[in-house]
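Single-structure report; data block below.
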Amino acid sequence: MNIAERYVRLAHGIDTHVQHFIDGYSGPPQWADRTRRAPAALLQETQDFLKHVEDVPDAGRREWLRTQGQAMRTHARLLTGEKMPFAEEVRGIYDIDPLTAPLDELDAALKAFEDALPGTGSATERLERLRDRVTLDNADVLRVAEPILHELRRRTADLYGLPAGENFTIHLVTDKPWGGYNWPLGNLQSRIDINTDFPVALPGLPGLLAHEGYPGHHTENAHKETELVRGHGWQEHQLQLLYSPQSVIAEGIATNALDLVMPEEEVQAWLTGELAQVAGLDPQDILAFLQATKAREDIKHVSGTAAVMLYQDGSNEDDVVKFLKHYNAVNEERARHSLSFIRHHRGYVYTYSVGQALVKKYVEHKGQAGFGELLKQPVTPGMLANG
C-alpha cells in the first residue's frame with residue numbers, strides 16, 4: 001500500500017468519528033473506506049502511518065505528510081478519551097499556537113473604531129445602519145458578483161496562471177455557521193456557497209469572492225490538483241482535511257487573496273465607482289463603510305480569545321456572547337452566530353488569523369512569486385514560520 005493510500009484510508013477512518021473532517025475527496029473510491037474503527041485502532045494506525053512517512057524520499061512531501069499525520073494522531077488521541085489543554089489541542093491539530101488579544105489592546109482598538117463610525121448611538125447601532133445602506137438584495141447578489149468574478153479571474157490568470165478547464169458554480173444558501181464556503185469537487189471544479197442568513201454587503205463581496213474563488217480556495221485546489229496530483233502523482237492532494245494544518249495554509253492564502261490581485265486603493269475606487277453603479281448604491285455610503293472597516297482592522301483575535309474563554313477558561317456561553325457583542329460591535333443574533341461557528345469548529349478559528357499572518361509575512365519576503373509557490377506547493381505552517 002503506497003503512502004497516499006494509507007493517508008486517505010486513515011483520514012476516512014477518522015472522518016467516521018469527527019464530523020466534516022474530510023472537506024473534499026476526488027481520489028480512487030476504493031480508498032474511501034468508511035469502515036468504522038475503534039479510536040485505539042485509529043491511534044495505532046496513525047503511528048504506523050507516521051513510521052512509513054519517514055520513507056518518503058521527497059523532503060517537502062515528507063514534511064507535509066508528517067505534519068498532517070501528527071494532526072490525525074492528535075485527533076485519534078482525543079477520540080480515545082485523552083484529555084489535553086486547549087492550546088495543546090490547537091498545536092497538535094493545526095501546527096500553530098492559539099492567538100488571543102489583551103483586553104487593553106482590544107479596548108483601545110474598539111475606541112478608534114467607534115470614533116470612525118458616522119452618526120449617533122452605540123457602535124453596534126451605527127454599524128448596523130451603515131451596513132444596511134450598503135447591503136445587496138439577495139436577488140442581486142449573483143448579478144453583482146458577475147463583473148467582480150470576471151475581473152478577479154482575469155487578474156489571477158495574468159499573475160498566477162489558471163489550469164485549463166478549471167471552473168466553479170455559485171449558490172445562495174441559508175442556515176449555515178459561515179458566510180461563504182468552497183466545496184472542492186475534484187477535476188478542477190468547485191462549488192461556492194454564499195450564506196444569506198445575514199445580508200451580503202457590497203464592500204465585502206470582492207473579498208468574499210477572492211477568498212473562495214480567485215485567487216483563493218478554488219485557485220489553490222485547482223493548481224495543486226494540476227501540479228501535485230497530475231504532475232507528481234501525489235494523490236494525497238486529492239483529499240482536503242478541514243481540521244488539519246492544510247487549512248491554516250488554505251485560509252492564509254484565502255484571507256490574503258484580494259490584496260494579492262488588487263491594491264486596497266484600487267478596490268476602493270472600484271467599489272465606489274463601477275460596482276456602486278452596478279449595485280445601485282451610494283458611493284459615499286460605501287466609502288464610509290470601507291473607512292469603518294479599515295478602522296476595525298486593529299480589533300484582532302476576538303474569535304480566538306472567545307475560543308480560549310470557552311474551551312480553556314471555562315466561561316459560560318452568555319459571557320462569551322457578551323464579549324463577542326462588545327468587541328465585534330454586533331447585535332445578539334450576530335454574536336450567537338459567531339458563537340455557533342466557534343462551537344462547530346473549535347480551534348479552526350485560528351486558521352484565519354494565524355494563517356493570514358504567516359502567508360502575509362512570507363509574501364512580503366518573497367513577493368508575488370512567493371504567493372504563486374503557495375498556490376502550487378505542499379507547505380506547512382511550521383515551514384512558513386521557520387522561514
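The way I read the labels, and the way they are meant: chains A, B, ... in the order of the C-alpha cells, residue 1 as the first residue of every chain, and ligand 1 as the first ligand shown, with later ones counted on from there.
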In stretch 161-359 of chain A, what's helix (DSSP H, G or I) per DSSP? Answer as a compact mmCIF listing (two decimals) with N, CA and C atoms, in the first residue's frame?
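Contents of states-v3.txt, freshly written:
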# COMPACT_ATOMS: atom_id res chain seq x y z
N LEU A 202 -22.12 44.94 -0.17
CA LEU A 202 -21.30 45.09 -1.36
C LEU A 202 -19.82 45.25 -1.04
N PRO A 203 -19.41 46.08 -0.05
CA PRO A 203 -17.97 46.26 0.18
C PRO A 203 -17.23 44.98 0.53
N GLY A 204 -17.95 43.99 1.05
CA GLY A 204 -17.29 42.73 1.40
C GLY A 204 -17.32 41.69 0.30
N LEU A 205 -18.06 41.95 -0.79
CA LEU A 205 -18.23 40.93 -1.81
C LEU A 205 -16.95 40.63 -2.60
N PRO A 206 -16.14 41.63 -3.02
CA PRO A 206 -14.89 41.28 -3.70
C PRO A 206 -13.98 40.40 -2.84
N GLY A 207 -13.88 40.72 -1.55
CA GLY A 207 -13.05 39.92 -0.66
C GLY A 207 -13.58 38.51 -0.51
N LEU A 208 -14.90 38.36 -0.40
CA LEU A 208 -15.50 37.03 -0.27
C LEU A 208 -15.25 36.19 -1.51
N LEU A 209 -15.43 36.79 -2.69
CA LEU A 209 -15.25 36.04 -3.94
C LEU A 209 -13.78 35.74 -4.21
N ALA A 210 -12.89 36.64 -3.80
CA ALA A 210 -11.46 36.36 -3.90
C ALA A 210 -11.08 35.23 -2.94
N HIS A 211 -11.62 35.27 -1.74
CA HIS A 211 -11.33 34.26 -0.71
C HIS A 211 -11.73 32.87 -1.19
N GLU A 212 -12.96 32.75 -1.67
CA GLU A 212 -13.47 31.43 -2.04
C GLU A 212 -13.07 31.01 -3.46
N HIS A 217 -9.41 29.79 -2.40
CA HIS A 217 -9.53 28.34 -2.25
C HIS A 217 -9.62 27.59 -3.58
N HIS A 218 -10.51 28.05 -4.46
CA HIS A 218 -10.68 27.34 -5.74
C HIS A 218 -9.38 27.31 -6.53
N THR A 219 -8.70 28.45 -6.56
CA THR A 219 -7.46 28.55 -7.33
C THR A 219 -6.39 27.64 -6.75
N GLU A 220 -6.25 27.65 -5.43
CA GLU A 220 -5.26 26.78 -4.78
C GLU A 220 -5.56 25.31 -5.08
N ASN A 221 -6.81 24.90 -4.92
CA ASN A 221 -7.15 23.49 -5.14
C ASN A 221 -6.91 23.08 -6.59
N ALA A 222 -7.25 23.97 -7.54
CA ALA A 222 -7.05 23.63 -8.95
C ALA A 222 -5.57 23.52 -9.29
N HIS A 223 -4.76 24.46 -8.77
CA HIS A 223 -3.32 24.40 -9.04
C HIS A 223 -2.69 23.16 -8.41
N LYS A 224 -3.07 22.84 -7.17
CA LYS A 224 -2.44 21.70 -6.51
C LYS A 224 -2.88 20.38 -7.14
N GLU A 225 -4.12 20.33 -7.62
CA GLU A 225 -4.52 19.13 -8.35
C GLU A 225 -3.69 18.97 -9.62
N THR A 226 -3.45 20.10 -10.29
CA THR A 226 -2.68 20.05 -11.54
C THR A 226 -1.21 19.73 -11.28
N GLU A 227 -0.60 20.47 -10.35
CA GLU A 227 0.85 20.35 -10.12
C GLU A 227 1.21 19.08 -9.34
N LEU A 228 0.47 18.80 -8.26
CA LEU A 228 0.88 17.74 -7.35
C LEU A 228 0.26 16.38 -7.69
N VAL A 229 -1.03 16.37 -8.00
CA VAL A 229 -1.69 15.09 -8.30
C VAL A 229 -1.36 14.64 -9.72
N ARG A 230 -1.65 15.51 -10.69
CA ARG A 230 -1.42 15.13 -12.09
C ARG A 230 0.06 15.19 -12.45
N GLY A 231 0.77 16.18 -11.88
CA GLY A 231 2.17 16.35 -12.23
C GLY A 231 3.11 15.38 -11.54
N HIS A 232 2.91 15.16 -10.22
CA HIS A 232 3.82 14.32 -9.44
C HIS A 232 3.22 12.98 -9.03
N GLN A 235 -1.20 11.61 -4.73
CA GLN A 235 -2.66 11.54 -4.65
C GLN A 235 -3.23 11.96 -3.30
N GLU A 236 -2.38 12.17 -2.32
CA GLU A 236 -2.88 12.69 -1.05
C GLU A 236 -3.51 14.07 -1.21
N HIS A 237 -3.16 14.77 -2.28
CA HIS A 237 -3.71 16.11 -2.51
C HIS A 237 -5.06 16.08 -3.23
N GLN A 238 -5.60 14.88 -3.41
CA GLN A 238 -7.00 14.76 -3.84
C GLN A 238 -7.93 14.79 -2.64
N PRO A 245 -3.42 21.09 9.57
CA PRO A 245 -2.55 22.20 9.15
C PRO A 245 -2.82 22.66 7.72
N GLN A 246 -3.30 21.76 6.88
CA GLN A 246 -3.64 22.10 5.50
C GLN A 246 -4.54 23.33 5.45
N SER A 247 -5.45 23.45 6.41
CA SER A 247 -6.41 24.55 6.42
C SER A 247 -5.77 25.88 6.84
N VAL A 248 -4.71 25.82 7.63
CA VAL A 248 -4.02 27.06 8.01
C VAL A 248 -3.44 27.72 6.76
N ILE A 249 -2.81 26.92 5.91
CA ILE A 249 -2.26 27.45 4.66
C ILE A 249 -3.39 27.89 3.75
N ALA A 250 -4.45 27.08 3.64
CA ALA A 250 -5.56 27.43 2.75
C ALA A 250 -6.22 28.73 3.17
N GLU A 251 -6.48 28.89 4.46
CA GLU A 251 -7.13 30.13 4.92
C GLU A 251 -6.15 31.30 4.87
N GLY A 252 -4.87 31.04 5.07
CA GLY A 252 -3.88 32.10 4.91
C GLY A 252 -3.84 32.63 3.49
N ILE A 253 -3.88 31.72 2.53
CA ILE A 253 -3.95 32.11 1.12
C ILE A 253 -5.22 32.91 0.86
N ALA A 254 -6.34 32.39 1.35
CA ALA A 254 -7.64 32.99 1.04
C ALA A 254 -7.84 34.36 1.69
N THR A 255 -7.35 34.52 2.92
CA THR A 255 -7.54 35.80 3.60
C THR A 255 -6.65 36.90 3.02
N LEU A 258 -7.44 38.82 -1.97
CA LEU A 258 -7.81 40.05 -2.69
C LEU A 258 -6.61 41.00 -2.78
N ASP A 259 -5.85 41.13 -1.70
CA ASP A 259 -4.69 42.02 -1.69
C ASP A 259 -3.65 41.62 -2.72
N LEU A 260 -3.60 40.32 -3.06
CA LEU A 260 -2.57 39.84 -3.98
C LEU A 260 -2.95 39.98 -5.45
N GLU A 264 -5.37 47.96 -2.25
CA GLU A 264 -6.50 48.47 -1.47
C GLU A 264 -7.14 49.71 -2.08
N GLU A 265 -6.31 50.65 -2.55
CA GLU A 265 -6.85 51.89 -3.11
C GLU A 265 -7.62 51.62 -4.41
N GLU A 266 -7.20 50.59 -5.14
CA GLU A 266 -7.91 50.23 -6.37
C GLU A 266 -9.25 49.56 -6.05
N VAL A 267 -9.26 48.75 -5.02
CA VAL A 267 -10.52 48.13 -4.57
C VAL A 267 -11.52 49.22 -4.18
N GLN A 268 -11.03 50.22 -3.45
CA GLN A 268 -11.91 51.32 -3.02
C GLN A 268 -12.48 52.06 -4.23
N ALA A 269 -11.62 52.37 -5.20
CA ALA A 269 -12.09 53.08 -6.40
C ALA A 269 -13.09 52.24 -7.18
N TRP A 270 -12.86 50.95 -7.25
CA TRP A 270 -13.76 50.03 -7.96
C TRP A 270 -15.13 49.99 -7.29
N LEU A 271 -15.12 49.85 -5.95
CA LEU A 271 -16.37 49.75 -5.21
C LEU A 271 -17.18 51.04 -5.26
N THR A 272 -16.51 52.17 -5.15
CA THR A 272 -17.23 53.45 -5.14
C THR A 272 -17.53 53.96 -6.55
N GLY A 273 -16.98 53.29 -7.56
CA GLY A 273 -17.23 53.69 -8.94
C GLY A 273 -18.12 52.70 -9.65
N GLU A 274 -17.50 51.82 -10.46
CA GLU A 274 -18.25 50.88 -11.29
C GLU A 274 -19.22 50.01 -10.49
N LEU A 275 -18.75 49.43 -9.38
CA LEU A 275 -19.59 48.49 -8.64
C LEU A 275 -20.75 49.18 -7.93
N ALA A 276 -20.54 50.40 -7.47
CA ALA A 276 -21.65 51.16 -6.87
C ALA A 276 -22.75 51.38 -7.89
N GLN A 277 -22.36 51.66 -9.15
CA GLN A 277 -23.35 51.85 -10.21
C GLN A 277 -24.09 50.54 -10.51
N VAL A 278 -23.33 49.46 -10.61
CA VAL A 278 -23.95 48.16 -10.89
C VAL A 278 -24.96 47.78 -9.81
N ALA A 279 -24.59 48.07 -8.55
CA ALA A 279 -25.46 47.69 -7.42
C ALA A 279 -26.54 48.72 -7.12
N PRO A 283 -22.15 55.85 -3.45
CA PRO A 283 -20.70 55.70 -3.25
C PRO A 283 -20.22 56.24 -1.91
N GLN A 284 -20.85 57.28 -1.38
CA GLN A 284 -20.43 57.85 -0.10
C GLN A 284 -20.70 56.89 1.05
N ASP A 285 -21.81 56.16 0.96
CA ASP A 285 -22.09 55.15 1.99
C ASP A 285 -21.04 54.03 1.92
N ILE A 286 -20.69 53.64 0.71
CA ILE A 286 -19.69 52.58 0.54
C ILE A 286 -18.34 53.04 1.09
N LEU A 287 -17.97 54.29 0.81
CA LEU A 287 -16.71 54.83 1.31
C LEU A 287 -16.70 54.86 2.83
N ALA A 288 -17.81 55.31 3.43
CA ALA A 288 -17.89 55.36 4.89
C ALA A 288 -17.76 53.96 5.49
N PHE A 289 -18.37 52.98 4.85
CA PHE A 289 -18.27 51.59 5.34
C PHE A 289 -16.84 51.08 5.22
N LEU A 290 -16.17 51.39 4.10
CA LEU A 290 -14.79 50.97 3.93
C LEU A 290 -13.87 51.60 4.96
N GLN A 291 -14.11 52.86 5.28
CA GLN A 291 -13.29 53.55 6.29
C GLN A 291 -13.50 52.94 7.66
N ALA A 292 -14.75 52.59 7.97
CA ALA A 292 -15.03 51.94 9.26
C ALA A 292 -14.39 50.56 9.32
N THR A 293 -14.44 49.84 8.21
CA THR A 293 -13.83 48.51 8.14
C THR A 293 -12.32 48.61 8.35
N LYS A 294 -11.71 49.62 7.74
CA LYS A 294 -10.27 49.84 7.90
C LYS A 294 -9.93 50.11 9.36
N ALA A 295 -10.74 50.94 10.01
CA ALA A 295 -10.50 51.26 11.42
C ALA A 295 -10.67 50.02 12.30
N ARG A 296 -11.45 49.07 11.82
CA ARG A 296 -11.75 47.88 12.62
C ARG A 296 -10.62 46.85 12.57
N VAL A 302 -10.48 38.44 18.21
CA VAL A 302 -11.67 38.38 19.07
C VAL A 302 -12.21 36.96 19.13
N SER A 303 -12.36 36.31 17.98
CA SER A 303 -12.86 34.93 17.97
C SER A 303 -11.90 33.99 18.68
N GLY A 304 -10.59 34.19 18.48
CA GLY A 304 -9.61 33.36 19.16
C GLY A 304 -9.65 33.52 20.67
N THR A 305 -9.83 34.74 21.13
CA THR A 305 -9.94 35.00 22.56
C THR A 305 -11.22 34.37 23.10
N ALA A 306 -12.31 34.48 22.33
CA ALA A 306 -13.57 33.87 22.74
C ALA A 306 -13.44 32.36 22.85
N ALA A 307 -12.70 31.74 21.93
CA ALA A 307 -12.50 30.29 21.98
C ALA A 307 -11.73 29.88 23.23
N VAL A 308 -10.72 30.67 23.61
CA VAL A 308 -9.97 30.39 24.84
C VAL A 308 -10.88 30.56 26.06
N MET A 309 -11.72 31.59 26.06
CA MET A 309 -12.68 31.77 27.15
C MET A 309 -13.55 30.54 27.30
N LEU A 310 -14.00 30.00 26.17
CA LEU A 310 -14.95 28.90 26.18
C LEU A 310 -14.29 27.57 26.53
N TYR A 311 -13.15 27.28 25.89
CA TYR A 311 -12.57 25.94 25.99
C TYR A 311 -11.40 25.82 26.97
N GLU A 317 -21.53 30.42 28.10
CA GLU A 317 -21.82 30.93 26.76
C GLU A 317 -22.34 32.36 26.79
N ASP A 318 -23.10 32.72 27.81
CA ASP A 318 -23.64 34.08 27.88
C ASP A 318 -22.51 35.10 28.01
N ASP A 319 -21.48 34.76 28.78
CA ASP A 319 -20.35 35.68 28.92
C ASP A 319 -19.56 35.79 27.61
N VAL A 320 -19.45 34.68 26.90
CA VAL A 320 -18.75 34.70 25.60
C VAL A 320 -19.54 35.53 24.60
N VAL A 321 -20.86 35.39 24.60
CA VAL A 321 -21.70 36.18 23.70
C VAL A 321 -21.57 37.67 24.02
N LYS A 322 -21.55 38.00 25.29
CA LYS A 322 -21.39 39.40 25.71
C LYS A 322 -20.05 39.95 25.21
N PHE A 323 -19.00 39.16 25.32
CA PHE A 323 -17.68 39.55 24.84
C PHE A 323 -17.71 39.78 23.32
N LEU A 324 -18.31 38.86 22.58
CA LEU A 324 -18.38 38.98 21.13
C LEU A 324 -19.22 40.18 20.70
N LYS A 325 -20.33 40.42 21.40
CA LYS A 325 -21.17 41.58 21.08
C LYS A 325 -20.38 42.87 21.26
N HIS A 326 -19.65 42.96 22.36
CA HIS A 326 -18.96 44.20 22.70
C HIS A 326 -17.82 44.50 21.73
N TYR A 327 -16.92 43.53 21.55
CA TYR A 327 -15.71 43.82 20.77
C TYR A 327 -15.91 43.69 19.26
N ASN A 328 -16.93 42.96 18.83
CA ASN A 328 -17.25 42.94 17.40
C ASN A 328 -18.29 43.99 17.03
N GLU A 332 -27.10 40.74 19.29
CA GLU A 332 -27.16 39.41 19.91
C GLU A 332 -27.17 38.29 18.86
N GLU A 333 -27.96 38.49 17.80
CA GLU A 333 -28.07 37.45 16.78
C GLU A 333 -26.73 37.17 16.12
N ARG A 334 -26.00 38.23 15.74
CA ARG A 334 -24.71 38.04 15.10
C ARG A 334 -23.70 37.42 16.06
N ALA A 335 -23.74 37.84 17.31
CA ALA A 335 -22.81 37.28 18.30
C ALA A 335 -23.06 35.79 18.50
N ARG A 336 -24.32 35.40 18.56
CA ARG A 336 -24.63 33.98 18.73
C ARG A 336 -24.29 33.19 17.46
N HIS A 337 -24.36 33.84 16.32
CA HIS A 337 -23.93 33.19 15.08
C HIS A 337 -22.42 32.93 15.14
N SER A 338 -21.66 33.89 15.65
CA SER A 338 -20.22 33.70 15.81
C SER A 338 -19.93 32.59 16.82
N LEU A 339 -20.69 32.57 17.91
CA LEU A 339 -20.52 31.51 18.91
C LEU A 339 -20.80 30.15 18.29
N SER A 340 -21.82 30.07 17.42
CA SER A 340 -22.15 28.81 16.77
C SER A 340 -20.97 28.31 15.94
N PHE A 341 -20.29 29.23 15.24
CA PHE A 341 -19.12 28.83 14.45
C PHE A 341 -18.03 28.28 15.37
N ILE A 342 -17.77 28.96 16.48
CA ILE A 342 -16.73 28.50 17.42
C ILE A 342 -17.11 27.14 17.99
N ARG A 343 -18.39 26.97 18.31
CA ARG A 343 -18.86 25.69 18.84
C ARG A 343 -18.69 24.58 17.80
N HIS A 344 -18.97 24.88 16.55
CA HIS A 344 -18.86 23.88 15.48
C HIS A 344 -17.40 23.51 15.21
N HIS A 345 -16.51 24.52 15.27
CA HIS A 345 -15.17 24.34 14.71
C HIS A 345 -14.01 24.48 15.69
N ARG A 346 -14.28 24.84 16.94
CA ARG A 346 -13.25 24.92 17.98
C ARG A 346 -12.00 25.67 17.50
N GLY A 347 -10.85 25.00 17.45
CA GLY A 347 -9.60 25.66 17.11
C GLY A 347 -9.48 26.12 15.68
N TYR A 348 -10.44 25.78 14.82
CA TYR A 348 -10.36 26.22 13.42
C TYR A 348 -10.34 27.74 13.31
N VAL A 349 -10.90 28.44 14.32
CA VAL A 349 -10.94 29.91 14.24
C VAL A 349 -9.53 30.50 14.08
N TYR A 350 -8.51 29.80 14.53
CA TYR A 350 -7.14 30.34 14.45
C TYR A 350 -6.54 30.20 13.05
N THR A 351 -7.15 29.37 12.21
CA THR A 351 -6.59 29.21 10.87
C THR A 351 -6.64 30.53 10.10
N TYR A 352 -7.64 31.36 10.39
CA TYR A 352 -7.78 32.63 9.68
C TYR A 352 -6.70 33.63 10.12
N SER A 353 -6.66 33.90 11.42
CA SER A 353 -5.75 34.94 11.91
C SER A 353 -4.29 34.53 11.79
N VAL A 354 -3.97 33.31 12.22
CA VAL A 354 -2.58 32.86 12.16
C VAL A 354 -2.17 32.60 10.71
N GLY A 355 -3.05 31.98 9.95
CA GLY A 355 -2.75 31.73 8.54
C GLY A 355 -2.53 33.02 7.77
N GLN A 356 -3.37 34.01 8.03
CA GLN A 356 -3.21 35.30 7.35
C GLN A 356 -1.85 35.91 7.65
N ALA A 357 -1.45 35.89 8.92
CA ALA A 357 -0.17 36.48 9.31
C ALA A 357 1.00 35.72 8.69
N LEU A 358 0.95 34.40 8.69
CA LEU A 358 2.04 33.60 8.14
C LEU A 358 2.21 33.84 6.64
N VAL A 359 1.11 33.81 5.92
CA VAL A 359 1.19 34.00 4.47
C VAL A 359 1.59 35.43 4.12
For a quick check of understanding, using only C-alpha atoms, which of A:Ala257, A:Ala87, A:Leu281, A:Leu130 has the smallest distance to A:Pro215?
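Looking at the shortest contact to A:Pro215, the residue is A:Ala257.
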Pick from A:Leu79, A:Met383, A:Met72, A:Leu188 nearest to A:Glu166, counting only C-alpha atoms:
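Counting only C-alpha atoms, the residue closest to A:Glu166 is A:Leu188.
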Distance query A:Phe371 at most 8 Å, only C-alpha atoms, self and fewer than 3 positions along chain excluded, as a PyMOL selection string
chain A and resi 253+260+359+362-363+366-368+374-375
